[in-house]
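Structure file input.cif with mmCIF, C-alpha atoms:
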data_data
loop_
_atom_site.label_atom_id
_atom_site.label_comp_id
_atom_site.auth_asym_id
_atom_site.auth_seq_id
_atom_site.Cartn_x
_atom_site.Cartn_y
_atom_site.Cartn_z
CA MET A 1 -29.22 40.55 -14.83
CA ASP A 2 -32.14 40.06 -12.39
CA LYS A 3 -30.96 36.53 -11.73
CA MET A 4 -27.45 37.77 -11.08
CA THR A 5 -28.77 40.32 -8.60
CA THR A 6 -30.68 37.57 -6.82
CA ILE A 7 -27.57 35.47 -6.45
CA LEU A 8 -25.24 38.25 -5.37
CA GLN A 9 -27.64 40.17 -3.14
CA PRO A 10 -30.30 37.77 -1.89
CA ASP A 11 -31.15 39.97 1.13
CA HIS A 12 -32.42 42.82 -0.99
CA ALA A 13 -33.74 41.03 -4.03
CA THR A 14 -35.61 38.03 -2.69
CA PHE A 15 -38.24 39.90 -0.66
CA PRO A 16 -39.41 42.86 -2.78
CA GLY A 17 -41.97 45.18 -1.25
CA MET A 18 -41.38 44.06 2.37
CA SER A 19 -40.46 46.28 5.33
CA GLU A 20 -36.95 45.88 6.84
CA PRO A 21 -38.00 44.01 10.07
CA ALA A 22 -40.18 41.68 8.01
CA LYS A 23 -37.28 41.07 5.60
CA SER A 24 -34.98 40.30 8.51
CA ARG A 25 -37.49 37.82 9.99
CA ALA A 26 -37.93 36.18 6.61
CA MET A 27 -34.17 35.87 6.12
CA ARG A 28 -33.77 34.20 9.51
CA HIS A 29 -36.49 31.76 8.55
CA VAL A 30 -34.86 31.01 5.19
CA ARG A 31 -31.38 30.62 6.62
CA GLY A 32 -32.45 28.81 9.78
CA LEU A 33 -28.81 28.33 10.85
CA SER A 34 -26.17 30.99 11.22
CA ASP A 35 -23.03 30.90 9.05
CA ARG A 36 -20.95 29.96 12.08
CA THR A 37 -23.25 27.00 12.87
CA ILE A 38 -23.12 25.81 9.27
CA ALA A 39 -19.31 26.09 9.29
CA TRP A 40 -19.14 24.04 12.49
CA LEU A 41 -21.51 21.45 11.00
CA PHE A 42 -19.18 21.00 8.03
CA VAL A 43 -16.05 20.81 10.18
CA ALA A 44 -17.52 18.65 12.97
CA PRO A 45 -17.25 15.24 11.20
CA THR A 46 -13.57 15.88 10.43
CA ILE A 47 -12.86 16.95 14.00
CA ALA A 48 -14.75 13.92 15.36
CA LEU A 49 -12.79 11.59 13.06
CA LEU A 50 -9.50 13.25 14.01
CA LEU A 51 -10.28 12.89 17.70
CA ALA A 52 -11.32 9.25 17.26
CA ILE A 53 -8.40 8.01 15.15
CA ASN A 54 -5.55 10.36 16.09
CA ILE A 55 -5.99 12.08 19.43
CA PHE A 56 -7.76 9.34 21.39
CA PRO A 57 -5.15 6.60 20.61
CA LEU A 58 -2.37 9.07 21.44
CA VAL A 59 -3.90 9.97 24.81
CA TRP A 60 -4.59 6.27 25.48
CA MET A 61 -0.97 5.41 24.63
CA ILE A 62 0.31 8.13 27.00
CA ARG A 63 -1.88 6.63 29.73
CA LEU A 64 -0.63 3.09 29.01
CA SER A 65 3.01 4.21 29.07
CA PHE A 66 2.65 4.80 32.83
CA THR A 67 1.33 1.28 33.44
CA SER A 68 2.78 -2.23 33.51
CA LEU A 69 0.21 -3.60 31.04
CA ASN A 70 1.26 -6.83 29.34
CA LEU A 71 -1.32 -7.97 26.79
CA SER A 72 -0.34 -11.63 27.13
CA MET A 73 -1.45 -11.34 30.77
CA SER A 74 -4.27 -8.87 30.35
CA TYR A 75 -6.26 -10.58 33.12
CA LEU A 76 -3.87 -8.99 35.66
CA PRO A 77 -5.02 -5.67 37.11
CA LEU A 78 -3.57 -2.56 35.49
CA ARG A 79 -0.74 -1.30 37.75
CA PHE A 80 0.46 2.32 37.65
CA VAL A 81 4.29 2.32 37.52
CA GLY A 82 4.97 6.04 37.05
CA LEU A 83 8.05 6.75 34.93
CA ASP A 84 9.51 3.22 35.32
CA ASN A 85 8.97 2.30 31.65
CA PHE A 86 10.78 5.46 30.50
CA SER A 87 13.55 4.82 32.98
CA ASP A 88 13.88 1.19 31.76
CA ILE A 89 14.16 2.31 28.14
CA LEU A 90 16.62 5.12 28.83
CA THR A 91 18.97 2.78 30.70
CA ASP A 92 18.58 -0.18 28.32
CA GLU A 93 21.74 -0.72 26.26
CA ASP A 94 19.88 -2.82 23.67
CA VAL A 95 17.50 0.04 22.83
CA TRP A 96 20.47 2.43 22.78
CA ILE A 97 22.27 0.20 20.25
CA ARG A 98 19.08 -0.07 18.12
CA LEU A 99 18.89 3.74 18.08
CA GLN A 100 22.52 3.87 16.92
CA THR A 101 21.73 1.36 14.16
CA THR A 102 18.81 3.58 13.15
CA ALA A 103 21.05 6.67 13.15
CA GLN A 104 23.65 4.92 10.97
CA PHE A 105 20.92 3.84 8.55
CA VAL A 106 19.56 7.42 8.46
CA ILE A 107 23.00 9.03 7.93
CA TRP A 108 24.17 6.69 5.15
CA SER A 109 20.88 6.47 3.28
CA VAL A 110 20.22 10.23 3.39
CA ALA A 111 23.81 11.00 2.32
CA LEU A 112 23.51 8.59 -0.63
CA GLN A 113 20.09 9.93 -1.58
CA VAL A 114 21.31 13.53 -1.54
CA ILE A 115 24.34 12.73 -3.71
CA ILE A 116 22.35 10.63 -6.22
CA GLY A 117 19.29 12.91 -6.12
CA PHE A 118 21.29 16.09 -6.65
CA GLY A 119 23.30 14.48 -9.45
CA LEU A 120 20.12 13.32 -11.19
CA ALA A 121 18.57 16.79 -10.77
CA LEU A 122 21.61 18.39 -12.40
CA LEU A 123 21.30 15.94 -15.31
CA ILE A 124 17.54 16.35 -15.74
CA ASN A 125 17.85 20.14 -15.49
CA ARG A 126 19.76 20.10 -18.79
CA GLN A 127 16.86 20.11 -21.22
CA PHE A 128 18.08 17.22 -23.38
CA ARG A 129 15.96 15.32 -25.88
CA GLY A 130 13.54 12.94 -24.13
CA HIS A 131 14.22 14.34 -20.66
CA SER A 132 10.50 14.13 -19.76
CA PHE A 133 10.50 10.41 -20.52
CA TRP A 134 13.60 9.81 -18.40
CA THR A 135 12.18 11.91 -15.56
CA THR A 136 9.10 9.64 -15.49
CA ILE A 137 11.28 6.51 -15.52
CA ILE A 138 13.45 7.85 -12.69
CA LEU A 139 10.38 8.75 -10.62
CA LEU A 140 8.87 5.23 -10.87
CA PRO A 141 10.48 3.70 -7.71
CA MET A 142 9.14 6.55 -5.58
CA MET A 143 5.59 5.78 -6.70
CA LEU A 144 5.73 2.16 -5.52
CA SER A 145 4.53 1.01 -2.13
CA PRO A 146 7.35 0.16 0.35
CA ALA A 147 5.72 -3.27 0.77
CA VAL A 148 6.03 -3.91 -2.98
CA VAL A 149 9.62 -2.65 -3.01
CA GLY A 150 10.52 -4.85 -0.02
CA ASN A 151 9.01 -7.93 -1.68
CA PHE A 152 10.53 -7.58 -5.10
CA TRP A 153 13.96 -6.63 -3.76
CA THR A 154 13.79 -9.77 -1.59
CA LEU A 155 13.38 -11.73 -4.82
CA LEU A 156 16.05 -9.75 -6.68
CA LEU A 157 18.53 -10.36 -3.84
CA GLN A 158 17.93 -14.12 -3.53
CA PRO A 159 21.38 -15.79 -3.68
CA GLN A 160 20.17 -18.72 -5.85
CA ILE A 161 17.63 -17.20 -8.24
CA GLY A 162 17.99 -13.44 -7.82
CA PRO A 163 19.55 -11.52 -10.73
CA PHE A 164 21.37 -9.08 -8.42
CA ASN A 165 23.96 -11.64 -7.32
CA TYR A 166 24.48 -12.71 -10.97
CA LEU A 167 25.09 -9.07 -11.91
CA ILE A 168 27.68 -8.70 -9.14
CA SER A 169 29.37 -11.96 -10.14
CA LEU A 170 29.54 -10.71 -13.74
CA PHE A 171 31.71 -7.79 -12.63
CA THR A 172 33.66 -9.37 -9.77
CA GLY A 173 33.88 -13.05 -10.67
CA VAL A 174 32.57 -14.06 -7.23
CA PRO A 175 30.13 -17.04 -7.53
CA PRO A 176 26.53 -15.76 -7.17
CA SER A 177 25.47 -18.23 -4.49
CA SER A 178 28.57 -17.58 -2.36
CA PHE A 179 27.14 -14.46 -0.73
CA SER A 180 23.76 -13.27 0.50
CA MET A 181 23.01 -9.56 0.52
CA THR A 182 20.32 -9.86 3.20
CA GLY A 183 21.78 -12.79 5.13
CA GLN A 184 25.34 -11.62 5.84
CA VAL A 185 26.20 -9.40 8.80
CA SER A 186 28.63 -7.30 6.74
CA LEU A 187 26.26 -6.81 3.78
CA ALA A 188 22.74 -6.55 5.26
CA PRO A 189 23.06 -2.95 6.62
CA TRP A 190 24.30 -1.77 3.23
CA THR A 191 21.49 -3.63 1.50
CA ILE A 192 18.78 -1.69 3.35
CA VAL A 193 20.66 1.55 2.63
CA LEU A 194 20.89 0.59 -1.06
CA VAL A 195 17.21 -0.30 -1.43
CA ASP A 196 16.03 2.77 0.45
CA SER A 197 18.27 4.99 -1.67
CA TRP A 198 16.99 3.31 -4.85
CA MET A 199 13.45 4.12 -3.79
CA TRP A 200 13.85 7.66 -2.42
CA SER A 201 16.64 9.30 -4.47
CA PRO A 202 14.02 10.38 -7.06
CA TYR A 203 12.19 12.28 -4.32
CA VAL A 204 15.36 14.18 -3.43
CA MET A 205 15.86 14.74 -7.15
CA LEU A 206 12.42 16.37 -7.41
CA ILE A 207 13.15 18.76 -4.53
CA CYS A 208 16.59 19.64 -5.94
CA LEU A 209 15.06 20.15 -9.39
CA ALA A 210 12.61 22.66 -7.88
CA GLY A 211 15.62 24.44 -6.34
CA LEU A 212 17.56 24.46 -9.61
CA ARG A 213 14.58 25.74 -11.59
CA SER A 214 14.11 28.59 -9.07
CA ILE A 215 17.53 30.08 -9.92
CA PRO A 216 17.00 32.98 -12.36
CA ASP A 217 18.82 32.70 -15.70
CA TYR A 218 20.19 36.24 -15.50
CA ILE A 219 22.55 35.20 -12.69
CA TYR A 220 24.17 32.64 -14.98
CA GLU A 221 24.21 35.18 -17.82
CA ALA A 222 26.04 37.66 -15.55
CA ALA A 223 28.50 34.93 -14.61
CA GLU A 224 29.05 34.18 -18.33
CA VAL A 225 29.76 37.87 -18.94
CA ASP A 226 32.31 37.72 -16.10
CA ARG A 227 33.81 34.65 -17.84
CA ALA A 228 33.21 32.40 -14.80
CA SER A 229 33.98 28.74 -15.52
CA ALA A 230 31.26 26.07 -15.25
CA TRP A 231 32.91 24.80 -12.07
CA ARG A 232 32.95 28.32 -10.57
CA GLN A 233 29.27 28.81 -11.53
CA PHE A 234 28.40 25.57 -9.78
CA TRP A 235 30.21 26.47 -6.52
CA SER A 236 29.19 30.14 -6.45
CA ILE A 237 25.64 30.05 -7.85
CA THR A 238 24.07 26.61 -8.22
CA LEU A 239 25.11 25.03 -4.91
CA PRO A 240 24.48 28.02 -2.56
CA MET A 241 21.07 28.67 -4.10
CA THR A 242 20.05 25.01 -3.87
CA VAL A 243 21.24 24.49 -0.28
CA PRO A 244 17.89 25.46 1.37
CA PHE A 245 16.14 22.88 -0.82
CA LEU A 246 18.79 20.29 -0.01
CA MET A 247 18.33 20.99 3.70
CA LEU A 248 14.61 20.47 3.26
CA ALA A 249 15.19 17.13 1.52
CA VAL A 250 17.69 16.04 4.20
CA LEU A 251 15.31 16.88 7.06
CA PHE A 252 12.32 15.21 5.42
CA ARG A 253 14.20 12.04 4.49
CA ALA A 254 15.86 11.89 7.94
CA ILE A 255 12.49 12.05 9.69
CA GLU A 256 10.99 9.44 7.34
CA ASN A 257 13.97 7.08 7.68
CA PHE A 258 13.99 7.44 11.46
CA LYS A 259 10.46 5.96 11.37
CA MET A 260 11.31 3.38 8.68
CA PHE A 261 9.67 0.01 9.34
CA ASP A 262 7.84 -1.68 6.47
CA MET A 263 10.56 -2.02 3.86
CA VAL A 264 13.28 -3.13 6.31
CA ASN A 265 10.90 -5.54 8.04
CA LEU A 266 10.14 -7.19 4.68
CA LEU A 267 13.76 -7.24 3.50
CA THR A 268 15.62 -8.48 6.60
CA SER A 269 13.16 -8.47 9.55
CA GLY A 270 15.96 -6.86 11.51
CA GLY A 271 18.40 -9.71 10.82
CA PRO A 272 20.82 -11.38 10.57
CA GLY A 273 20.76 -11.41 14.36
CA SER A 274 19.90 -7.83 15.13
CA THR A 275 22.27 -6.20 12.62
CA THR A 276 19.53 -4.29 10.82
CA GLU A 277 17.08 -4.03 13.69
CA LEU A 278 15.91 -0.43 13.55
CA VAL A 279 14.20 1.05 16.60
CA SER A 280 10.78 0.74 14.92
CA ILE A 281 11.33 -3.03 14.64
CA THR A 282 12.34 -3.12 18.34
CA LEU A 283 9.10 -1.31 19.11
CA LYS A 284 7.06 -3.81 17.08
CA ARG A 285 8.79 -6.74 18.82
CA ALA A 286 8.21 -5.26 22.28
CA ALA A 287 4.54 -4.59 21.50
CA PHE A 288 3.51 -7.66 19.48
CA GLU A 289 6.03 -10.41 20.24
CA LYS A 290 6.84 -9.77 23.90
CA TRP A 291 3.44 -8.11 24.49
CA ARG A 292 5.02 -5.47 26.80
CA THR A 293 2.35 -2.89 26.03
CA GLY A 294 3.26 -0.36 28.74
CA TYR A 295 6.96 -0.48 27.85
CA SER A 296 6.32 -0.25 24.10
CA SER A 297 3.92 2.67 24.63
CA ALA A 298 6.70 4.54 26.47
CA LEU A 299 9.13 3.76 23.63
CA ALA A 300 6.56 4.95 21.09
CA ILE A 301 6.21 8.23 23.01
CA ILE A 302 9.98 8.75 23.04
CA LEU A 303 10.06 8.22 19.26
CA PHE A 304 7.00 10.44 18.78
CA VAL A 305 8.51 13.33 20.74
CA THR A 306 11.79 12.95 18.81
CA VAL A 307 10.02 13.01 15.44
CA PHE A 308 7.75 15.87 16.57
CA GLY A 309 10.80 17.91 17.63
CA ALA A 310 12.56 17.21 14.32
CA ALA A 311 9.35 18.06 12.44
CA ASN A 312 9.31 21.50 14.11
CA ILE A 313 12.78 22.17 12.71
CA TYR A 314 11.59 20.88 9.33
CA VAL A 315 8.60 23.24 9.27
CA LYS A 316 10.87 26.15 10.20
CA ALA A 317 13.20 25.25 7.30
CA LEU A 318 10.20 24.91 4.98
CA ASN A 319 9.01 28.41 5.88
CA LYS A 320 12.48 29.80 5.18
CA VAL A 321 12.45 28.19 1.73
CA LYS A 322 8.95 29.60 1.09
CA GLN A 323 10.15 33.12 1.97
CA ARG A 324 12.86 32.93 -0.71
CA MET B 325 3.27 56.31 23.91
CA SER B 326 0.39 54.25 25.29
CA ASP B 327 0.82 51.62 28.02
CA SER B 328 0.04 48.75 25.66
CA ALA B 329 2.62 49.98 23.14
CA THR B 330 5.24 50.26 25.88
CA ALA B 331 4.37 46.77 27.13
CA LYS B 332 4.61 45.40 23.60
CA THR B 333 8.04 46.92 23.16
CA GLY B 334 9.08 45.35 26.47
CA VAL B 335 7.75 41.92 25.44
CA SER B 336 9.44 42.20 22.05
CA ARG B 337 12.68 43.25 23.70
CA TRP B 338 12.83 40.41 26.23
CA PHE B 339 11.13 37.72 24.21
CA PRO B 340 12.13 38.18 20.57
CA ARG B 341 11.10 35.07 18.70
CA GLY B 342 14.28 34.53 16.65
CA PRO B 343 16.90 33.83 19.35
CA TRP B 344 14.46 31.87 21.53
CA GLU B 345 13.42 29.72 18.59
CA ALA B 346 17.06 29.13 17.72
CA GLY B 347 17.71 28.12 21.33
CA ALA B 348 14.76 25.70 21.37
CA MET B 349 15.85 24.18 18.06
CA THR B 350 19.41 23.77 19.37
CA LEU B 351 17.97 21.95 22.39
CA ILE B 352 15.96 19.62 20.11
CA GLY B 353 18.96 18.96 17.84
CA GLY B 354 21.25 18.40 20.83
CA GLY B 355 18.73 15.99 22.35
CA ILE B 356 18.49 13.98 19.13
CA ILE B 357 22.30 13.74 18.95
CA MET B 358 22.37 12.65 22.61
CA LEU B 359 19.76 9.97 21.81
CA VAL B 360 21.75 8.32 19.01
CA GLN B 361 25.41 9.01 19.95
CA PRO B 362 27.49 5.86 20.66
CA TRP B 363 29.80 7.21 23.42
CA SER B 364 27.95 7.78 26.70
CA ILE B 365 24.90 5.99 28.08
CA ASP B 366 24.46 8.87 30.58
CA LEU B 367 23.95 11.30 27.71
CA TYR B 368 21.50 8.81 26.21
CA GLY B 369 19.66 8.73 29.55
CA TYR B 370 19.13 12.51 29.53
CA SER B 371 18.32 12.74 25.82
CA PHE B 372 14.53 12.37 26.08
CA VAL B 373 14.23 15.07 28.74
CA THR B 374 16.32 17.39 26.55
CA ILE B 375 14.20 16.75 23.43
CA LEU B 376 11.00 17.15 25.45
CA ALA B 377 12.22 20.45 26.95
CA GLY B 378 13.28 21.68 23.50
CA THR B 379 9.99 20.71 21.85
CA ALA B 380 7.85 22.20 24.64
CA SER B 381 9.85 25.44 24.62
CA TYR B 382 9.65 25.60 20.81
CA VAL B 383 5.85 25.33 20.98
CA ILE B 384 5.82 28.21 23.50
CA VAL B 385 8.38 30.51 21.85
CA SER B 386 6.83 30.12 18.40
CA HIS B 387 3.96 32.23 19.81
CA TYR B 388 6.27 35.08 20.81
CA PRO B 389 6.08 38.32 18.80
CA GLU B 390 8.34 38.59 15.71
#
Translate the structure of the given file into structure tokens.
Amino acid sequence: MDKMTTILQPDHATFPGMSEPAKSRAMRHVRGLSDRTIAWLFVAPTIALLLAINIFPLVWMIRLSFTSLNLSMSYLPLRFVGLDNFSDILTDEDVWIRLQTTAQFVIWSVALQVIIGFGLALLINRQFRGHSFWTTIILLPMMLSPAVVGNFWTLLLQPQIGPFNYLISLFTGVPPSSFSMTGQVSLAPWTIVLVDSWMWSPYVMLICLAGLRSIPDYIYEAAEVDRASAWRQFWSITLPMTVPFLMLAVLFRAIENFKMFDMVNLLTSGGPGSTTELVSITLKRAAFEKWRTGYSSALAIILFVTVFGAANIYVKALNKVKQR
Amino acid sequence: MSDSATAKTGVSRWFPRGPWEAGAMTLIGGGIIMLVQPWSIDLYGYSFVTILAGTASYVIVSHYPE
């Protein structure tokens, strides 16, 4: 009990028989640093790291976006060009088309992921035998790195040796080597949508499953008492109560797909031509192939502000779901 | 009623967070649609300013009283 007292009330127990001012002096000596100082000491390395690897590059990029810096000619003096880089981007039809390509990729892949993810969640929510095993199997693609997914889908989609083309030919009778999923203008955009949906539908499934599990059973029991059909229960209970979760999934996947780079770069590198060139690939090409650092910094800021704006809406939606 | 309470009521009346936040979010959403729409390059040209205005105003209005 004495030990406990010492731990809980060190001020009174550690200096028995001392006057109050002497105790206070002794405590200051023992502590040395105030609680606030100690808290700052613990937080300081994190803040320093954050400033060094997040804030400093961001501020530097903002500075560069107002210059004409070209890293292939870095010996030239840095020239301040004001808003010229922004103006160039916002009047450039090529960048505009790349943004449209990105939007089409986002719309189709998110739509497919929501349909597949919600369907899988409805299936998994029925507590059938072995559902835990199947849940783990379904979640596997989501756990892989996009680089791994990009590489092995490149192999799977090879026209000569890839099993995907053989599978398609089995059902359609079209010779396997007569088409290339990543090399044909008409097929490549759908290929990146397909692979992205394969990888991220399980994530949407998880969010939808959380939504489905949050619906209280008594609502369904009341509907049963009212002799509502399964279809009616789905439209009047399941879907409306899962919509906030679906919105959350849509926003999160839309933001992620807007930034998509690694998987698409590995699968098609933006080709054939520029059919699958997402805006992130345009950014990489401007920065590290054309070495237009000022221009690419301005493009990066435009994308950053767009994603930041969308993320604000996402956080708002997240808070609404939390309040439920 | 004290001065501060009156002032607070005035602030809450003129700057309620809900409608202002909705307005800022509409501006952000509209800007994103302007950025990726395929019809008018003029709309595309003004998209970044719209998103920036929406985002900046959202950051400000999210500090308004409930």
What's around region 253-264 of chain A at 7 Å? Count all atoms listed in the file, leave out sequence neighbours fewer than 2 positions away in its own chain, and write the answer as a list in words.
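Residues meeting the cut-off are Thr102, Val106, Val110, Pro146, Ala147, Val149, Gly150, Ile192, Ala249, Val250, Leu251, Leu266, Leu267, Thr268, Ser269, Gly270, Ser280, Ile281, Val307 and Ala310 of chain A.
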Distance limit 6 Å, atoms considered: all atoms listed in the file. Which chain B residues sit that close to chain A? Return them as a list in words.
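The contacting residues on chain B are Ile352, Val360, Gly369 and Thr379 of chain B.
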Given the PyMOL selection byres ((chain A and resi 214) around 12) and the file above, list the residues it selects as a list in words.
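On this input, the PyMOL selection byres ((chain A and resi 214) around 12) captures Asn125, Ile207, Cys208, Leu209, Ala210, Gly211, Leu212, Arg213, Ile215, Pro216, Asp217, Tyr218, Ile219, Ile237, Thr238, Met241, Thr242, Pro244, Phe245, Val321, Lys322 and Arg324 of chain A.
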Output C-alpha atoms for every residue in that selection, as a PDB file, keeping the file's coordinate frame.
ATOM      1  CA  ASN A 125      17.850  20.140 -15.490  1.00  0.00           C
ATOM      2  CA  ILE A 207      13.150  18.760  -4.530  1.00  0.00           C
ATOM      3  CA  CYS A 208      16.590  19.640  -5.940  1.00  0.00           C
ATOM      4  CA  LEU A 209      15.060  20.150  -9.390  1.00  0.00           C
ATOM      5  CA  ALA A 210      12.610  22.660  -7.880  1.00  0.00           C
ATOM      6  CA  GLY A 211      15.620  24.440  -6.340  1.00  0.00           C
ATOM      7  CA  LEU A 212      17.560  24.460  -9.610  1.00  0.00           C
ATOM      8  CA  ARG A 213      14.580  25.740 -11.590  1.00  0.00           C
ATOM      9  CA  ILE A 215      17.530  30.080  -9.920  1.00  0.00           C
ATOM     10  CA  PRO A 216      17.000  32.980 -12.360  1.00  0.00           C
ATOM     11  CA  ASP A 217      18.820  32.700 -15.700  1.00  0.00           C
ATOM     12  CA  TYR A 218      20.190  36.240 -15.500  1.00  0.00           C
ATOM     13  CA  ILE A 219      22.550  35.200 -12.690  1.00  0.00           C
ATOM     14  CA  ILE A 237      25.640  30.050  -7.850  1.00  0.00           C
ATOM     15  CA  THR A 238      24.070  26.610  -8.220  1.00  0.00           C
ATOM     16  CA  MET A 241      21.070  28.670  -4.100  1.00  0.00           C
ATOM     17  CA  THR A 242      20.050  25.010  -3.870  1.00  0.00           C
ATOM     18  CA  PRO A 244      17.890  25.460   1.370  1.00  0.00           C
ATOM     19  CA  PHE A 245      16.140  22.880  -0.820  1.00  0.00           C
ATOM     20  CA  VAL A 321      12.450  28.190   1.730  1.00  0.00           C
ATOM     21  CA  LYS A 322       8.950  29.600   1.090  1.00  0.00           C
ATOM     22  CA  ARG A 324      12.860  32.930  -0.710  1.00  0.00           C
TER      23      ARG A 324
END
Computed interatomic separation between CA of Leu64 (chain A) and CA of Ala298 (chain A) (Å)
7.9 Å
For Pro202 (chain A), work out the shell of residues within 12 Å, counting all atoms listed in the file and skipping chain neighbours fewer than 5 positions away, then give it as a list in words.
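Contacts, in chain order: Leu112, Gln113, Val114, Ile115, Ile116, Gly117, Phe118, Gly119, Leu120, Ala121, Ile124, Trp134, Thr135, Thr136, Ile137, Ile138, Leu139, Leu140, Pro141, Met142, Met143, Leu144, Asp196, Ser197, Ile207, Cys208, Leu209, Ala249 and Arg253 of chain A.
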Applying the PyMOL selection byres ((chain B and resi 380) around 12) to the file I just gave you, which residues come out? Please list them as a PyMOL selection string.
(chain A and resi 305-306+308-309+312) or (chain B and resi 345+347-349+351-352+372-379+381-387)
One decimal, Å: what's the distance from CA of Ser132 (chain A) over to CA of Val204 (chain A), could you say?
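Value for the CA of Ser132 (chain A)-CA of Val204 (chain A) distance: 17.0 Å.
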Interatomic distance, CA of Ser34 (chain A) to CA of Leu51 (chain A) (Å, one decimal):
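Pair CA of Ser34 (chain A) / CA of Leu51 (chain A) returns 24.9 Å.
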I'd like the neighbourhood of Thr182 (chain A) as a PyMOL selection string, where a residue qualifies if any of its atoms comes within 12 Å (using all atoms listed in the file), though same-chain residues fewer than 2 positions away should be ignored.
chain A and resi 150+153-159+162+164-165+179-180+184-195+264-273+275-276
Once N, CA and C atoms are restored for region 373-385 of chain B, what would the output be as a PDB file, in the coordinates of the input?
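Generated file (result.pdb):
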ATOM      1  N   VAL B 373      14.601  13.854  27.994  1.00  0.00           N
ATOM      2  CA  VAL B 373      14.230  15.070  28.740  1.00  0.00           C
ATOM      3  C   VAL B 373      14.642  16.306  27.941  1.00  0.00           C
ATOM      4  N   THR B 374      15.820  16.250  27.325  1.00  0.00           N
ATOM      5  CA  THR B 374      16.320  17.390  26.550  1.00  0.00           C
ATOM      6  C   THR B 374      15.415  17.654  25.339  1.00  0.00           C
ATOM      7  N   ILE B 375      15.065  16.578  24.615  1.00  0.00           N
ATOM      8  CA  ILE B 375      14.200  16.750  23.430  1.00  0.00           C
ATOM      9  C   ILE B 375      12.838  17.292  23.859  1.00  0.00           C
ATOM     10  N   LEU B 376      12.317  16.722  24.956  1.00  0.00           N
ATOM     11  CA  LEU B 376      11.000  17.150  25.450  1.00  0.00           C
ATOM     12  C   LEU B 376      11.030  18.633  25.842  1.00  0.00           C
ATOM     13  N   ALA B 377      12.089  19.037  26.548  1.00  0.00           N
ATOM     14  CA  ALA B 377      12.220  20.450  26.950  1.00  0.00           C
ATOM     15  C   ALA B 377      12.319  21.338  25.709  1.00  0.00           C
ATOM     16  N   GLY B 378      13.116  20.898  24.735  1.00  0.00           N
ATOM     17  CA  GLY B 378      13.280  21.680  23.500  1.00  0.00           C
ATOM     18  C   GLY B 378      11.969  21.807  22.740  1.00  0.00           C
ATOM     19  N   THR B 379      11.247  20.697  22.608  1.00  0.00           N
ATOM     20  CA  THR B 379       9.990  20.710  21.850  1.00  0.00           C
ATOM     21  C   THR B 379       8.943  21.578  22.554  1.00  0.00           C
ATOM     22  N   ALA B 380       8.829  21.404  23.892  1.00  0.00           N
ATOM     23  CA  ALA B 380       7.850  22.200  24.640  1.00  0.00           C
ATOM     24  C   ALA B 380       8.186  23.682  24.547  1.00  0.00           C
ATOM     25  N   SER B 381       9.477  24.012  24.686  1.00  0.00           N
ATOM     26  CA  SER B 381       9.850  25.440  24.620  1.00  0.00           C
ATOM     27  C   SER B 381       9.655  25.972  23.210  1.00  0.00           C
ATOM     28  N   TYR B 382       9.875  25.121  22.192  1.00  0.00           N
ATOM     29  CA  TYR B 382       9.650  25.600  20.810  1.00  0.00           C
ATOM     30  C   TYR B 382       8.173  25.948  20.604  1.00  0.00           C
ATOM     31  N   VAL B 383       7.293  25.083  21.119  1.00  0.00           N
ATOM     32  CA  VAL B 383       5.850  25.330  20.980  1.00  0.00           C
ATOM     33  C   VAL B 383       5.485  26.662  21.644  1.00  0.00           C
ATOM     34  N   ILE B 384       6.112  26.946  22.794  1.00  0.00           N
ATOM     35  CA  ILE B 384       5.820  28.210  23.500  1.00  0.00           C
ATOM     36  C   ILE B 384       6.415  29.398  22.759  1.00  0.00           C
ATOM     37  N   VAL B 385       7.714  29.311  22.424  1.00  0.00           N
ATOM     38  CA  VAL B 385       8.380  30.510  21.850  1.00  0.00           C
ATOM     39  C   VAL B 385       7.902  30.815  20.433  1.00  0.00           C
TER      40      VAL B 385
END
